[in-house]
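Chemist: First the structure, which I've put down as structure tokens, then a few questions once you've had a look.
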Amino acid sequence: MTASQIVGGPSPGDRISEAERGTRRDLAASYHLADLYGWSDLTASHISAKVPGEADAMLIASFPSFFDQVAASDLVKIDFDGKDLSGTDRPLNPAGVTIHGAVQRARPDVQCVIHTHSVAGMAVSALDCGLLPITQHTLLFYDNIGYHAYGGIADDLEEGQRIVRDLAQNQALVLRNHGLLVAGRSVPHAFKLMYYLEKSCQAQLAAMAAANGAEVVSLSPEVCRHAAEQYAGLVNFGEDDWPGHLQKLDELGSKFRN
């Protein structure tokens with residue numbers, strides 16, 4: 001399957017619900033924020049969100065698109081197999097359809113999936129130890145993160161199913177020798193998950209480098225479980241920050257709302 005064989009997007013004059021408009025705005029904003037925080041990778045990697053009130057439908061950026069150029073109206077609507085639901089002719093990244101379609105179908109509790117190729121994420125994905133429970137941020141993912149062995153570019157359905165298997169019911173996945181993925185209950189929730197995961201990777205790399213062979217201090221399983229339970233009780237995790245994120249983008253003159 002090539003990028004030109006997968007198309008989708010809103011047709012001119014399509015009536016879009018207010019719920020979809022809001023999701024389009026938030027999803028486009030997440031692309032711009034990911035670029036702002038240094039998580040983008042030219043036209044590679046991707047973010048998706050389910051369309052509220054529509055079964056088997058998600059939004060994702062067309063290919064190729066730089067993250068800071070994605071607009072709400074440009075997002076394409078497809079089903080989880082990559083079928084065009086809107087009647088336009090916008091190509092998509094096959095790996096994006098494979099990864100996001102598989103996870104979005106398998107996880108009814110998930111609304112947004114973010115996949116990145118950041119430097120810190122790729123570096124930790126190549127460490128045998130994986131993500132270590134050494135900072136408060138990492139405890140959000142204690143017993144809540146999976147690991148996926150690298151099997152090549154994710155452009156086939158079997159790879160999508162392997163990713164689903166390794167993600168299981170976790171909120172995060174380390175794709176070995178590749179990057180990171182988070183699955184959130186909303187766009188704001190998924191964005192903050194990735195923000196914490198990225199911070200965790202950066203802090204771990206900094207600690208390991210600074211230790212210069214000394215042992216990095218890890219926290220006890222009891223403390224890790226306690227903190228993880230505390231995080232699980234934060235019902236507005238992500239949503240509370242979101243208005244500030246949108247204001248920041250507006251002040252920067254971002255065109256995500258277009």
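Each chain of the structure tokens is named A, B, ... in the order shown, its residues numbered from 1; ligands are numbered from 1 in display order.
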Would you list the contacts of stretch 159-167 of chain A as an mmCIF file with N, CA and C atoms, in the first residue's frame, taking every protein, DNA or RNA residue within 12 Å and counting only C-alpha atoms, but skipping same-chain residues closer than 5 positions in sequence?
Modeler:
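File written: selection_16.cif
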```
data_model
loop_
_atom_site.group_PDB
_atom_site.id
_atom_site.type_symbol
_atom_site.label_atom_id
_atom_site.label_comp_id
_atom_site.auth_asym_id
_atom_site.auth_seq_id
_atom_site.Cartn_x
_atom_site.Cartn_y
_atom_site.Cartn_z
ATOM 1 N N PHE A 80 -11.138 3.151 10.214
ATOM 2 C CA PHE A 80 -9.927 2.585 10.806
ATOM 3 C C PHE A 80 -9.121 1.729 9.828
ATOM 4 N N ASP A 81 -9.670 1.479 8.644
ATOM 5 C CA ASP A 81 -8.938 0.769 7.601
ATOM 6 C C ASP A 81 -8.338 1.719 6.574
ATOM 7 N N PRO A 94 0.778 5.680 5.069
ATOM 8 C CA PRO A 94 0.296 4.323 5.357
ATOM 9 C C PRO A 94 0.632 3.854 6.760
ATOM 10 N N ALA A 95 1.818 4.217 7.271
ATOM 11 C CA ALA A 95 2.179 3.819 8.632
ATOM 12 C C ALA A 95 1.247 4.463 9.647
ATOM 13 N N GLY A 96 0.822 5.689 9.360
ATOM 14 C CA GLY A 96 -0.122 6.355 10.250
ATOM 15 C C GLY A 96 -1.445 5.626 10.318
ATOM 16 N N VAL A 97 -1.936 5.202 9.167
ATOM 17 C CA VAL A 97 -3.194 4.456 9.135
ATOM 18 C C VAL A 97 -3.034 3.122 9.855
ATOM 19 N N THR A 98 -1.922 2.432 9.618
ATOM 20 C CA THR A 98 -1.677 1.130 10.253
ATOM 21 C C THR A 98 -1.686 1.246 11.768
ATOM 22 N N ILE A 99 -0.892 2.174 12.300
ATOM 23 C CA ILE A 99 -0.747 2.310 13.747
ATOM 24 C C ILE A 99 -2.025 2.839 14.378
ATOM 25 N N HIS A 100 -2.493 3.963 13.887
ATOM 26 C CA HIS A 100 -3.635 4.631 14.524
ATOM 27 C C HIS A 100 -4.939 3.876 14.307
ATOM 28 N N GLY A 101 -5.135 3.351 13.107
ATOM 29 C CA GLY A 101 -6.350 2.589 12.856
ATOM 30 C C GLY A 101 -6.461 1.385 13.758
ATOM 31 N N ALA A 102 -5.333 0.682 13.940
ATOM 32 C CA ALA A 102 -5.338 -0.520 14.782
ATOM 33 C C ALA A 102 -5.632 -0.178 16.235
ATOM 34 N N VAL A 103 -4.953 0.858 16.769
ATOM 35 C CA VAL A 103 -5.150 1.220 18.179
ATOM 36 C C VAL A 103 -6.534 1.801 18.409
ATOM 37 N N GLN A 104 -6.973 2.681 17.522
ATOM 38 C CA GLN A 104 -8.296 3.303 17.699
ATOM 39 C C GLN A 104 -9.412 2.261 17.646
ATOM 40 N N ARG A 105 -9.273 1.255 16.798
ATOM 41 C CA ARG A 105 -10.286 0.197 16.723
ATOM 42 C C ARG A 105 -10.263 -0.673 17.977
ATOM 43 N N ALA A 106 -9.096 -1.005 18.455
ATOM 44 C CA ALA A 106 -8.965 -1.955 19.561
ATOM 45 C C ALA A 106 -9.299 -1.348 20.918
ATOM 46 N N ARG A 107 -9.218 -0.015 21.038
ATOM 47 C CA ARG A 107 -9.374 0.629 22.348
ATOM 48 C C ARG A 107 -10.549 1.614 22.347
ATOM 49 N N VAL A 110 -10.113 4.898 24.165
ATOM 50 C CA VAL A 110 -9.126 5.858 23.654
ATOM 51 C C VAL A 110 -9.762 6.766 22.611
ATOM 52 N N VAL A 113 -4.543 9.299 19.838
ATOM 53 C CA VAL A 113 -3.282 8.563 19.822
ATOM 54 C C VAL A 113 -2.198 9.487 19.270
ATOM 55 N N HIS A 115 1.942 9.603 18.292
ATOM 56 C CA HIS A 115 3.165 8.833 18.032
ATOM 57 C C HIS A 115 4.267 9.799 17.640
ATOM 58 N N ASP A 143 3.722 0.537 35.753
ATOM 59 C CA ASP A 143 2.796 -0.558 35.415
ATOM 60 C C ASP A 143 1.735 -0.107 34.417
ATOM 61 N N ASN A 144 2.088 0.873 33.605
ATOM 62 C CA ASN A 144 1.123 1.437 32.660
ATOM 63 C C ASN A 144 1.789 1.755 31.323
ATOM 64 N N ILE A 145 2.811 0.944 30.975
ATOM 65 C CA ILE A 145 3.550 1.170 29.736
ATOM 66 C C ILE A 145 3.962 -0.177 29.148
ATOM 67 N N GLY A 146 3.861 -0.293 27.830
ATOM 68 C CA GLY A 146 4.257 -1.517 27.150
ATOM 69 C C GLY A 146 5.507 -1.293 26.311
ATOM 70 N N TYR A 147 6.064 -2.390 25.786
ATOM 71 C CA TYR A 147 7.256 -2.333 24.948
ATOM 72 C C TYR A 147 7.021 -3.159 23.695
ATOM 73 N N HIS A 148 7.393 -2.602 22.559
ATOM 74 C CA HIS A 148 7.151 -3.232 21.264
ATOM 75 C C HIS A 148 8.462 -3.386 20.513
ATOM 76 N N ALA A 149 8.827 -4.628 20.172
ATOM 77 C CA ALA A 149 10.071 -4.890 19.444
ATOM 78 C C ALA A 149 9.984 -4.360 18.019
ATOM 79 N N TYR A 150 11.060 -3.766 17.553
ATOM 80 C CA TYR A 150 11.074 -3.186 16.210
ATOM 81 C C TYR A 150 10.963 -4.283 15.150
ATOM 82 N N GLY A 151 10.078 -4.034 14.171
ATOM 83 C CA GLY A 151 9.896 -4.998 13.093
ATOM 84 C C GLY A 151 9.887 -4.365 11.723
ATOM 85 N N GLY A 152 10.436 -3.164 11.618
ATOM 86 C CA GLY A 152 10.433 -2.453 10.341
ATOM 87 C C GLY A 152 9.381 -1.359 10.335
ATOM 88 N N ILE A 153 9.311 -0.620 9.228
ATOM 89 C CA ILE A 153 8.321 0.448 9.084
ATOM 90 C C ILE A 153 6.923 -0.155 9.180
ATOM 91 N N ALA A 154 6.060 0.505 9.954
ATOM 92 C CA ALA A 154 4.730 -0.051 10.256
ATOM 93 C C ALA A 154 3.759 0.203 9.115
ATOM 94 N N ALA A 172 0.670 4.004 27.495
ATOM 95 C CA ALA A 172 1.872 4.372 26.747
ATOM 96 C C ALA A 172 2.572 3.136 26.212
ATOM 97 N N LEU A 173 3.342 3.353 25.150
ATOM 98 C CA LEU A 173 4.094 2.263 24.522
ATOM 99 C C LEU A 173 5.438 2.799 24.058
ATOM 100 N N VAL A 174 6.498 2.075 24.397
ATOM 101 C CA VAL A 174 7.830 2.361 23.856
ATOM 102 C C VAL A 174 8.033 1.436 22.663
ATOM 103 N N LEU A 175 8.170 2.011 21.484
ATOM 104 C CA LEU A 175 8.445 1.238 20.281
ATOM 105 C C LEU A 175 9.964 1.141 20.165
ATOM 106 N N ARG A 176 10.511 -0.018 20.476
ATOM 107 C CA ARG A 176 11.951 -0.203 20.543
ATOM 108 C C ARG A 176 12.636 0.275 19.261
ATOM 109 N N LEU A 180 7.968 6.715 20.576
ATOM 110 C CA LEU A 180 6.983 6.618 21.650
ATOM 111 C C LEU A 180 5.561 6.712 21.119
ATOM 112 N N LEU A 181 4.620 6.206 21.909
ATOM 113 C CA LEU A 181 3.198 6.302 21.576
ATOM 114 C C LEU A 181 2.414 6.412 22.872
ATOM 115 N N VAL A 182 1.386 7.279 22.866
ATOM 116 C CA VAL A 182 0.466 7.351 23.996
ATOM 117 C C VAL A 182 -0.957 7.262 23.478
ATOM 118 N N ALA A 183 -1.850 6.767 24.334
ATOM 119 C CA ALA A 183 -3.262 6.620 23.998
ATOM 120 C C ALA A 183 -4.075 7.258 25.114
#
```
Chemist: I'd like to know which residues of stretch 136-194 of chain A are strand (DSSP E or B) (by DSSP, run on the backbone); could you write them as a PyMOL selection string?
Modeler: chain A and resi 145-148+172-175+179-184
Chemist: Would you put the residues from that selection into a file with N, CA and C atoms, as a compact mmCIF listing (two decimals), in the first residue's frame?
Modeler:
```
# COMPACT_ATOMS: atom_id res chain seq x y z
N ILE A 145 2.81 0.94 30.97
CA ILE A 145 3.55 1.17 29.74
C ILE A 145 3.96 -0.18 29.15
N GLY A 146 3.86 -0.29 27.83
CA GLY A 146 4.26 -1.52 27.15
C GLY A 146 5.51 -1.29 26.31
N TYR A 147 6.06 -2.39 25.79
CA TYR A 147 7.26 -2.33 24.95
C TYR A 147 7.02 -3.16 23.70
N HIS A 148 7.39 -2.60 22.56
CA HIS A 148 7.15 -3.23 21.26
C HIS A 148 8.46 -3.39 20.51
N ALA A 172 0.67 4.00 27.49
CA ALA A 172 1.87 4.37 26.75
C ALA A 172 2.57 3.14 26.21
N LEU A 173 3.34 3.35 25.15
CA LEU A 173 4.09 2.26 24.52
C LEU A 173 5.44 2.80 24.06
N VAL A 174 6.50 2.08 24.40
CA VAL A 174 7.83 2.36 23.86
C VAL A 174 8.03 1.44 22.66
N LEU A 175 8.17 2.01 21.48
CA LEU A 175 8.44 1.24 20.28
C LEU A 175 9.96 1.14 20.17
N GLY A 179 10.51 4.91 18.73
CA GLY A 179 9.94 6.11 19.32
C GLY A 179 8.91 5.80 20.39
N LEU A 180 7.97 6.71 20.58
CA LEU A 180 6.98 6.62 21.65
C LEU A 180 5.56 6.71 21.12
N LEU A 181 4.62 6.21 21.91
CA LEU A 181 3.20 6.30 21.58
C LEU A 181 2.41 6.41 22.87
N VAL A 182 1.39 7.28 22.87
CA VAL A 182 0.47 7.35 24.00
C VAL A 182 -0.96 7.26 23.48
N ALA A 183 -1.85 6.77 24.33
CA ALA A 183 -3.26 6.62 24.00
C ALA A 183 -4.08 7.26 25.11
N GLY A 184 -4.78 8.36 24.80
CA GLY A 184 -5.48 9.11 25.82
C GLY A 184 -6.98 9.16 25.61
```
Chemist: List the spatial neighbours of A:Ala232 as a list in words - criterion: any atom at most 10 Å away, only C-alpha atoms, same-chain residues fewer than 6 positions off excluded.
Modeler: Leu140, Phe141 and His226 of chain A
Chemist: Tell me which of A:Leu132, A:Ala29, A:Ile78, A:Val51 sits closest to A:Val217, counting only C-alpha atoms.
Modeler: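 Under the stated criterion, the closest residue is A:Leu132.
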Chemist: Measure the distance from atom CA of A:Arg257 to atom CA of A:Arg25 in Å and round it to one decimal.
Modeler: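 Atom CA of A:Arg25 lies at a distance of 5.6 Å from atom CA of A:Arg257.
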Chemist: What's the separation between atom CA of A:Lys77 and atom CA of A:Cys112, in Å to one decimal place?
Modeler: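 Interatomic distance, atom CA of A:Lys77 to atom CA of A:Cys112: 13.9 Å.
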Chemist: For each of A:Asp68, A:Asn212, A:Ala44, A:Ala61, take the minimum atom-to-atom distance to A:Leu252, counting only C-alpha atoms, then give the residue where this is smallest.
Modeler: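 Distance minimum relative to A:Leu252 lands on A:Asp68.
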Chemist: Compare A:Asp240, A:Val216, A:His137, A:Ala211 by their minimum atom-to-atom distance to A:Leu193, counting only C-alpha atoms, and give me the closest one.
Modeler: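 Result for the nearest residue to A:Leu193: A:His137.
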Chemist: Neighbouring residues of A:Ser40 were defined as those with any atom within 8 Å, considering only C-alpha atoms; residues of the same chain fewer than 2 positions away were excluded. Please report them as a list of chain:residue names.
Modeler: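 Residues meeting the cut-off are A:Ala34, A:Asp35, A:Gly38, A:Leu42, A:Thr43, A:Ala44, A:Ser45, A:Phe67, A:Thr116, A:His117, A:Ser118.
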Chemist: Just to be explicit: take each residue in the selection above, keep N, CA and C atoms, and write the result as a PDB file, in the first residue's frame.
Modeler:
```pdb
ATOM      1  N   ALA A  34       3.051  19.933  19.424  1.00  0.00           N
ATOM      2  CA  ALA A  34       4.103  18.929  19.312  1.00  0.00           C
ATOM      3  C   ALA A  34       5.321  19.512  18.605  1.00  0.00           C
ATOM      4  N   ASP A  35       5.086  20.315  17.584  1.00  0.00           N
ATOM      5  CA  ASP A  35       6.196  20.959  16.884  1.00  0.00           C
ATOM      6  C   ASP A  35       6.862  21.990  17.793  1.00  0.00           C
ATOM      7  N   GLY A  38       9.215  20.421  20.165  1.00  0.00           N
ATOM      8  CA  GLY A  38      10.337  19.698  19.577  1.00  0.00           C
ATOM      9  C   GLY A  38      10.108  18.226  19.356  1.00  0.00           C
ATOM     10  N   LEU A  42       9.903  16.341  10.742  1.00  0.00           N
ATOM     11  CA  LEU A  42       9.548  16.737   9.373  1.00  0.00           C
ATOM     12  C   LEU A  42       8.117  16.279   9.078  1.00  0.00           C
ATOM     13  N   THR A  43       7.911  15.422   8.078  1.00  0.00           N
ATOM     14  CA  THR A  43       6.546  14.979   7.751  1.00  0.00           C
ATOM     15  C   THR A  43       6.251  13.583   8.304  1.00  0.00           C
ATOM     16  N   ALA A  44       7.162  13.039   9.115  1.00  0.00           N
ATOM     17  CA  ALA A  44       6.947  11.711   9.696  1.00  0.00           C
ATOM     18  C   ALA A  44       6.258  11.831  11.048  1.00  0.00           C
ATOM     19  N   SER A  45       5.776  10.717  11.561  1.00  0.00           N
ATOM     20  CA  SER A  45       4.998  10.562  12.794  1.00  0.00           C
ATOM     21  C   SER A  45       3.634  11.235  12.641  1.00  0.00           C
ATOM     22  N   PHE A  67       4.091  19.551  10.901  1.00  0.00           N
ATOM     23  CA  PHE A  67       3.174  19.688  12.026  1.00  0.00           C
ATOM     24  C   PHE A  67       2.683  21.123  12.215  1.00  0.00           C
ATOM     25  N   THR A 116       5.425   9.698  18.315  1.00  0.00           N
ATOM     26  CA  THR A 116       6.520  10.637  18.059  1.00  0.00           C
ATOM     27  C   THR A 116       7.838   9.914  17.802  1.00  0.00           C
ATOM     28  N   HIS A 117       8.757  10.649  17.149  1.00  0.00           N
ATOM     29  CA  HIS A 117      10.128  10.194  16.924  1.00  0.00           C
ATOM     30  C   HIS A 117      11.086  11.213  17.524  1.00  0.00           C
ATOM     31  N   SER A 118      10.874  11.619  18.752  1.00  0.00           N
ATOM     32  CA  SER A 118      11.754  12.616  19.367  1.00  0.00           C
ATOM     33  C   SER A 118      13.126  12.000  19.657  1.00  0.00           C
TER      34      SER A 118
END
```
Chemist: Between atom CA of A:Tyr142 and atom CA of A:Ser200, what is the distance, to one decimal in Å?
Modeler: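 We find that atom CA of A:Tyr142 and atom CA of A:Ser200 lie 11.7 Å from each other.
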Chemist: List the spatial neighbours of A:His32 as a short mmCIF file (atom, residue, chain, number, x, y, z; two decimals) with C-alpha atoms, in the first residue's frame - criterion: any atom at most 12 Å away, only C-alpha atoms, same-chain residues fewer than 3 positions off excluded.
Modeler:
```cif
data_model
loop_
_atom_site.label_atom_id
_atom_site.label_comp_id
_atom_site.auth_asym_id
_atom_site.auth_seq_id
_atom_site.Cartn_x
_atom_site.Cartn_y
_atom_site.Cartn_z
CA ARG A 25 -9.45 22.36 16.55
CA ASP A 26 -7.86 20.39 19.39
CA LEU A 27 -6.21 17.85 17.10
CA ALA A 28 -4.75 20.56 14.86
CA ALA A 29 -3.54 22.35 18.00
CA ASP A 35 6.20 20.96 16.88
CA LEU A 36 6.58 23.77 19.42
CA TYR A 37 7.94 21.35 22.03
CA GLY A 38 10.34 19.70 19.58
CA TRP A 39 8.56 16.38 19.04
CA SER A 40 7.96 16.66 15.28
CA HIS A 46 1.35 11.36 13.38
CA ILE A 47 -1.52 12.18 15.75
CA ALA A 61 -3.24 14.92 9.03
CA SER A 65 2.40 17.73 6.23
CA PHE A 66 4.70 19.60 8.56
CA PHE A 67 3.17 19.69 12.03
CA ASP A 68 3.18 23.49 12.29
CA GLN A 69 1.25 23.78 9.01
CA VAL A 70 -1.71 21.53 9.95
CA ALA A 71 -5.09 23.32 10.07
CA ALA A 72 -8.38 22.06 11.49
CA PHE A 191 -1.01 15.51 24.89
CA HIS A 245 -2.06 25.75 25.36
CA LEU A 246 -4.61 27.19 22.93
CA LYS A 248 -0.21 30.19 23.71
CA LEU A 249 -0.76 29.13 20.09
CA ASP A 250 -3.08 32.09 19.43
CA LEU A 252 2.13 32.93 18.53
CA GLY A 253 -0.13 33.51 15.52
CA SER A 254 -0.66 29.80 14.83
CA LYS A 255 -3.14 28.96 12.05
CA PHE A 256 -4.37 25.74 13.69
CA ARG A 257 -7.96 27.06 13.88
#
```
Chemist: Just the residues within 7 Å of A:Pro188, please, counting only C-alpha atoms, with nothing from its chain fewer than 6 positions along; format it as a ChimeraX atom specification.
Modeler: /A:238-239,242
Chemist: Write a file of the selected residues as a PDB file, in the first residue's frame, keeping N, CA and C atoms.
Modeler:
```
ATOM      1  N   GLY A 238      -4.621  16.979  32.025  1.00  0.00           N
ATOM      2  CA  GLY A 238      -4.535  17.397  30.625  1.00  0.00           C
ATOM      3  C   GLY A 238      -5.547  18.456  30.275  1.00  0.00           C
ATOM      4  N   GLU A 239      -6.810  18.215  30.644  1.00  0.00           N
ATOM      5  CA  GLU A 239      -7.861  19.166  30.326  1.00  0.00           C
ATOM      6  C   GLU A 239      -7.641  20.505  31.025  1.00  0.00           C
ATOM      7  N   TRP A 242      -5.324  22.743  28.949  1.00  0.00           N
ATOM      8  CA  TRP A 242      -5.592  22.939  27.528  1.00  0.00           C
ATOM      9  C   TRP A 242      -5.914  24.383  27.138  1.00  0.00           C
TER      10      TRP A 242
END
```
Chemist: Would you mind listing what lies within 8 Å of A:Leu131 as an MDAnalysis selection string, with only C-alpha atoms counted and same-chain residues fewer than 2 positions away left out?
Modeler: chainID A and resid 124 129 133 138 200:201 204
Chemist: Taking N, CA and C atoms for each residue, export the selection above as a PDB file, in the first residue's frame.
Modeler:
```pdb
ATOM      1  N   VAL A 124      15.761   6.500  24.561  1.00  0.00           N
ATOM      2  CA  VAL A 124      15.293   5.587  25.606  1.00  0.00           C
ATOM      3  C   VAL A 124      14.773   4.293  24.997  1.00  0.00           C
ATOM      4  N   CYS A 129      17.241  -1.101  29.369  1.00  0.00           N
ATOM      5  CA  CYS A 129      16.522  -0.891  30.629  1.00  0.00           C
ATOM      6  C   CYS A 129      15.162  -0.253  30.435  1.00  0.00           C
ATOM      7  N   PRO A 133      11.926   4.088  36.718  1.00  0.00           N
ATOM      8  CA  PRO A 133      11.108   4.848  37.677  1.00  0.00           C
ATOM      9  C   PRO A 133      11.987   5.701  38.589  1.00  0.00           C
ATOM     10  N   THR A 138       7.848   9.914  35.725  1.00  0.00           N
ATOM     11  CA  THR A 138       7.806   8.545  35.203  1.00  0.00           C
ATOM     12  C   THR A 138       6.776   7.683  35.927  1.00  0.00           C
ATOM     13  N   SER A 200      10.056  12.570  31.019  1.00  0.00           N
ATOM     14  CA  SER A 200      10.641  11.420  31.708  1.00  0.00           C
ATOM     15  C   SER A 200      11.871  10.909  30.972  1.00  0.00           C
ATOM     16  N   CYS A 201      11.763  10.805  29.640  1.00  0.00           N
ATOM     17  CA  CYS A 201      12.901  10.333  28.841  1.00  0.00           C
ATOM     18  C   CYS A 201      14.067  11.307  28.914  1.00  0.00           C
ATOM     19  N   GLN A 204      15.705  11.045  32.352  1.00  0.00           N
ATOM     20  CA  GLN A 204      16.474   9.811  32.503  1.00  0.00           C
ATOM     21  C   GLN A 204      17.812   9.908  31.784  1.00  0.00           C
TER      22      GLN A 204
END
```
